[in-house]
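Quick look at run07.cif (mmCIF, C-alpha atoms):
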data_upload
#
loop_
_atom_site.label_atom_id
_atom_site.label_comp_id
_atom_site.auth_asym_id
_atom_site.auth_seq_id
_atom_site.Cartn_x
_atom_site.Cartn_y
_atom_site.Cartn_z
CA MET A 1 -9.60 19.84 -3.36
CA ARG A 2 -8.90 17.69 -0.31
CA VAL A 3 -5.40 17.06 0.97
CA PHE A 4 -4.37 13.96 2.92
CA ASN A 5 -1.07 13.69 4.78
CA LEU A 6 -0.45 9.96 4.74
CA TRP A 7 2.38 8.10 6.47
CA VAL A 8 3.84 5.32 4.34
CA VAL A 9 6.34 2.69 5.51
CA VAL A 10 8.22 0.87 2.75
CA ARG A 11 10.52 -2.10 3.20
CA PRO A 12 11.95 -4.98 1.17
CA ALA A 13 9.54 -7.93 1.31
CA GLU A 14 10.78 -10.51 3.79
CA ASP A 15 9.18 -13.36 1.86
CA LEU A 16 9.59 -12.34 -1.79
CA ALA A 17 12.68 -11.59 -3.83
CA ASN A 18 12.75 -8.33 -5.78
CA GLN A 19 9.66 -6.93 -4.12
CA TRP A 20 9.15 -3.95 -1.80
CA VAL A 21 6.07 -3.70 0.40
CA ALA A 22 4.47 -0.30 1.07
CA HIS A 23 2.04 0.23 3.96
CA CYS A 24 0.02 3.43 4.25
CA LEU A 25 -0.74 3.62 7.96
CA ASP A 26 -3.43 6.30 7.85
CA LEU A 27 -5.57 4.16 5.52
CA ASP A 28 -4.12 0.76 6.50
CA VAL A 29 -3.54 -0.03 2.84
CA VAL A 30 -0.71 -2.38 1.86
CA THR A 31 0.65 -2.86 -1.64
CA GLN A 32 3.95 -3.81 -3.26
CA GLY A 33 6.25 -3.10 -6.18
CA THR A 34 9.45 -4.26 -7.78
CA SER A 35 11.59 -1.45 -6.36
CA PHE A 36 11.31 1.29 -3.76
CA GLY A 37 10.15 3.78 -6.39
CA HIS A 38 7.68 1.33 -7.90
CA ALA A 39 6.29 0.52 -4.44
CA MET A 40 5.69 4.24 -3.85
CA GLU A 41 3.92 4.55 -7.19
CA MET A 42 1.80 1.52 -6.32
CA ALA A 43 1.04 3.05 -2.91
CA PHE A 44 -0.08 6.25 -4.59
CA GLU A 45 -2.40 4.32 -6.90
CA ALA A 46 -3.76 2.16 -4.07
CA VAL A 47 -4.49 5.03 -1.68
CA SER A 48 -6.09 7.01 -4.51
CA MET A 49 -8.45 4.09 -5.17
CA VAL A 50 -9.34 3.71 -1.51
CA VAL A 51 -9.94 7.42 -0.94
CA ALA A 52 -12.11 7.69 -4.05
CA ASP A 53 -14.13 4.57 -3.17
CA ASP A 54 -14.68 5.70 0.42
CA ILE A 55 -15.73 9.20 -0.56
CA VAL A 56 -18.20 7.84 -3.10
CA ALA A 57 -19.54 5.45 -0.42
CA GLY A 58 -19.89 8.31 2.08
CA ARG A 59 -17.23 6.85 4.37
CA ASP A 60 -14.29 8.64 5.98
CA PRO A 61 -11.13 7.06 4.49
CA LEU A 62 -9.20 7.88 7.66
CA SER A 63 -11.44 5.53 9.63
CA ARG A 64 -9.36 2.70 8.14
CA ARG A 65 -6.38 3.69 10.32
CA ALA A 66 -3.83 0.93 10.97
CA PRO A 67 -3.59 -0.73 14.41
CA GLU A 68 -1.48 1.04 17.02
CA LYS A 69 1.48 -1.34 16.80
CA PHE A 70 2.26 -0.03 13.32
CA TRP A 71 2.28 3.57 14.56
CA GLU A 72 4.63 2.62 17.37
CA GLU A 73 6.93 1.08 14.78
CA LEU A 74 6.73 4.24 12.66
CA HIS A 75 7.67 6.32 15.69
CA ALA A 76 10.72 4.13 16.28
CA ILE A 77 11.72 4.39 12.61
CA VAL A 78 11.56 8.18 12.54
CA ILE A 79 13.36 8.54 15.87
CA GLY A 80 16.12 6.08 15.00
CA SER A 81 16.69 6.79 11.32
CA GLN A 82 18.38 9.23 9.01
CA ALA A 83 16.25 11.93 7.39
CA VAL A 84 16.78 12.08 3.64
CA ARG A 85 15.15 13.74 0.68
CA PHE A 86 12.73 11.55 -1.24
CA GLU A 87 14.41 12.38 -4.53
CA ALA A 88 17.69 10.98 -3.22
CA LEU A 89 15.97 7.71 -2.37
CA LEU A 90 14.52 7.47 -5.87
CA LYS A 91 18.00 7.90 -7.36
CA GLY A 92 19.34 4.86 -5.65
CA VAL A 93 18.29 2.64 -2.79
CA GLU A 94 19.34 -0.96 -2.53
CA LYS A 95 17.42 -3.33 -0.34
CA GLU A 96 20.60 -4.98 0.82
CA TYR A 97 21.49 -1.78 2.62
CA VAL A 98 18.15 -0.40 3.75
CA LYS A 99 15.79 -2.17 6.13
CA VAL A 100 12.91 0.28 6.09
CA ILE A 101 11.90 3.71 4.79
CA ALA A 102 9.16 5.93 6.20
CA GLY A 103 7.78 9.00 4.50
CA GLN A 104 4.77 11.25 4.52
CA MET A 105 2.86 11.22 1.25
CA VAL A 106 0.86 14.36 0.62
CA LEU A 107 -2.10 13.28 -1.51
CA GLN A 108 -4.24 15.88 -3.23
CA ILE A 109 -7.56 14.73 -4.58
CA SER A 110 -10.41 16.61 -6.24
CA LEU A 111 -13.72 15.82 -4.57
CA GLU A 112 -15.72 17.36 -7.39
CA GLN A 113 -14.27 14.94 -9.87
CA VAL A 114 -15.09 12.00 -7.60
CA ASP A 115 -18.68 13.15 -7.08
CA SER A 116 -19.30 13.62 -10.76
CA GLY A 117 -17.83 10.26 -11.62
CA CYS A 118 -15.61 11.88 -14.21
CA GLY A 119 -12.52 10.23 -12.83
CA LEU A 120 -9.98 11.82 -10.59
CA HIS A 121 -6.54 13.22 -11.06
CA PRO A 122 -4.76 12.88 -7.75
CA SER A 123 -1.15 13.87 -7.26
CA TYR A 124 1.34 13.38 -4.49
CA THR A 125 4.59 14.64 -3.06
CA VAL A 126 6.88 13.29 -0.36
CA PRO A 127 8.60 16.25 1.30
CA MET A 128 10.86 14.12 3.49
CA ALA A 129 11.58 10.49 4.29
CA TRP A 130 13.46 8.55 6.95
CA LYS A 131 15.80 5.74 5.98
CA GLY A 132 16.47 3.05 8.56
CA ALA A 133 19.54 0.96 9.27
CA PRO A 134 21.81 1.83 6.36
CA THR A 135 25.24 0.25 6.15
CA LYS A 136 26.33 1.95 2.95
CA PRO A 137 25.80 5.49 1.62
CA LEU A 138 23.10 5.89 -1.02
CA ALA A 139 24.17 6.34 -4.61
CA GLN A 140 24.07 10.00 -5.58
CA MET B 1 4.08 -17.79 2.92
CA PRO B 2 3.59 -15.65 -0.21
CA THR B 3 1.00 -16.62 -2.75
CA SER B 4 -0.08 -15.78 -6.28
CA LEU B 5 -2.83 -13.34 -7.14
CA ARG B 6 -4.65 -16.24 -8.81
CA ALA B 7 -4.75 -18.20 -5.52
CA LEU B 8 -5.56 -15.12 -3.45
CA LYS B 9 -8.48 -14.24 -5.73
CA ARG B 10 -9.91 -17.74 -5.33
CA ALA B 11 -9.46 -17.64 -1.54
CA ILE B 12 -11.12 -14.23 -1.15
CA GLU B 13 -14.06 -15.38 -3.26
CA LYS B 14 -14.42 -18.51 -1.11
CA GLN B 15 -14.58 -16.22 1.94
CA GLY B 16 -17.48 -14.29 0.43
CA GLY B 17 -15.56 -11.48 -1.23
CA VAL B 18 -15.64 -10.29 -4.83
CA VAL B 19 -12.52 -9.56 -6.87
CA GLU B 20 -12.72 -7.17 -9.81
CA GLU B 21 -10.19 -6.64 -12.57
CA PRO B 22 -9.16 -3.04 -13.11
CA ARG B 23 -10.27 -0.84 -15.96
CA SER B 24 -6.91 0.88 -15.64
CA GLY B 25 -3.90 0.87 -13.38
CA SER B 26 -1.97 -1.91 -11.70
CA HIS B 27 -4.39 -2.87 -8.93
CA TRP B 28 -7.34 -5.19 -8.86
CA LYS B 29 -10.04 -4.53 -6.31
CA ALA B 30 -11.43 -6.83 -3.63
CA ARG B 31 -14.84 -6.05 -2.18
CA ARG B 32 -16.58 -7.50 0.85
CA GLY B 33 -19.77 -5.82 1.88
CA SER B 34 -19.33 -2.10 1.32
CA VAL B 35 -15.57 -2.15 1.86
CA SER B 36 -13.11 -2.22 -1.04
CA TYR B 37 -9.41 -2.94 -0.95
CA PRO B 38 -6.82 -2.71 -3.75
CA ILE B 39 -4.81 -5.78 -4.74
CA PRO B 40 -1.38 -5.27 -6.35
CA ALA B 41 -1.47 -6.91 -9.79
CA HIS B 42 1.45 -5.50 -11.73
CA ASN B 43 2.20 -8.98 -13.12
CA GLY B 44 -1.41 -10.04 -13.66
CA LEU B 45 -2.60 -13.29 -12.10
CA LYS B 46 1.02 -14.38 -11.71
CA THR B 47 1.78 -11.52 -9.31
CA GLU B 48 3.35 -12.91 -6.16
CA ILE B 49 1.67 -11.48 -3.06
CA SER B 50 3.52 -11.04 0.23
CA ASP B 51 2.34 -12.07 3.68
CA ARG B 52 2.30 -8.45 4.82
CA TYR B 53 -0.19 -7.68 2.09
CA ILE B 54 -2.40 -10.64 3.00
CA ALA B 55 -2.51 -9.52 6.64
CA GLY B 56 -3.49 -5.99 5.59
CA ALA B 57 -6.18 -7.22 3.23
CA CYS B 58 -7.69 -9.40 5.96
CA ARG B 59 -7.80 -6.46 8.39
CA ALA B 60 -9.51 -4.25 5.82
CA LEU B 61 -12.00 -6.82 4.58
CA GLY B 62 -12.78 -8.28 7.98
CA LEU B 63 -11.48 -11.72 7.03
CA ASP B 64 -9.85 -14.22 9.35
CA GLU B 65 -6.23 -14.37 8.21
CA GLN B 66 -5.70 -18.01 9.08
CA ALA B 67 -8.94 -19.06 7.43
CA LEU B 68 -7.95 -17.22 4.27
CA LYS B 69 -4.49 -18.79 4.28
CA ASP B 70 -6.08 -22.21 4.71
CA GLU B 71 -7.84 -21.60 1.39
CA LEU B 72 -4.61 -20.77 -0.45
#

Show me, as structure tokens, the structure contained in the file I just sent.
Amino acid sequence: MRVFNLWVVVRPAEDLANQWVAHCLDLDVVTQGTSFGHAMEMAFEAVSMVVADDIVAGRDPLSRRAPEKFWEELHAIVIGSQAVRFEALLKGVEKEYVKVIAGQMVLQISLEQVDSGCGLHPSYTVPMAWKGAPTKPLAQ
Amino acid sequence: MPTSLRALKRAIEKQGGVVEEPRSGSHWKARRGSVSYPIPAHNGLKTEISDRYIAGACRALGLDEQALKDEL
């Protein structure tokens, strides 16, 4: 079993209605979904694909790391935002009131299953997230 | 400017990449050389793709972002 601690920044898409964009900085993988929760699920699926492909190809997935400017932005988000539990964000987050969310996705992946080509069964948790620029309390 | 998955697929292929449909899940997969990159496809070929995604895909696949956008 290999565990990856992956920083993910999620925000409403600036150029698309009803879409949230998720960016995993450690792997520099971007994806999107129709809500915050859907974007996180899509991020989980996308990073699982990338990690599996890289391991099979003999490449270190972490070598994909995003450019430094994105890490500087993450630092600013965490410093200037409110820490919240991930579960609270899943209950209710409206893009009108949240500019950006950062969280650390803990991805667990079985290397044996990847090597054998039998498919993989990754799982993830997000112990804590940071919510930026709210103007209204989240729905409870 | 956002684009559709259909147009993005065509543009990546014109830039020498390969786009594969998934056997399962909500992502397609772009390949260029030995590098793969997932493409969000939760609405099939009609999926609207954001600029942030396009920039990330270009970084990963080693594509020139402007050249790819010129193909869209």

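Taken over the shown file, the PyMOL selection byres ((chain B) within 7 of (chain A)) identifies Met1, Pro2, Tyr37, Pro38, Ile39, Pro40, Ser50, Tyr53 and Gly56 of chain B.
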
_Ground truth for the PyMOL selection byres ((chain A and resi 2-8) around 9), written as a PyMOL selection string_ = chain A and resi 1+9-10+22-27+40+43+74+101-111

Starting from the PyMOL selection byres ((chain B and resi 11-15) around 12), expand the selection into actual residues of this file and give them as number ranges by chain.
B: 3-10, 16-20, 29-33, 37, 39, 54, 57-58, 61-72

Taken to one decimal, the atom CA of Leu62 of chain A-atom CA of Trp130 of chain A distance is 22.7 Å

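Picture a line from atom CA of Ala129 of chain A to atom CA of His27 of chain B; it runs 24.7 Å.
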
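The coordinates place atom CA of Pro22 of chain B at 29.4 Å from atom CA of Glu87 of chain A.
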
Extending 4 Å beyond the listed atoms of segment 6-14 of chain B on each side, what axis-aligned box results? I want centre and edge lengths in Å to one decimal, as JSON.
{"center_x": -9.5, "center_y": -16.4, "center_z": -5.0, "size_x": 17.8, "size_y": 12.3, "size_z": 15.7}
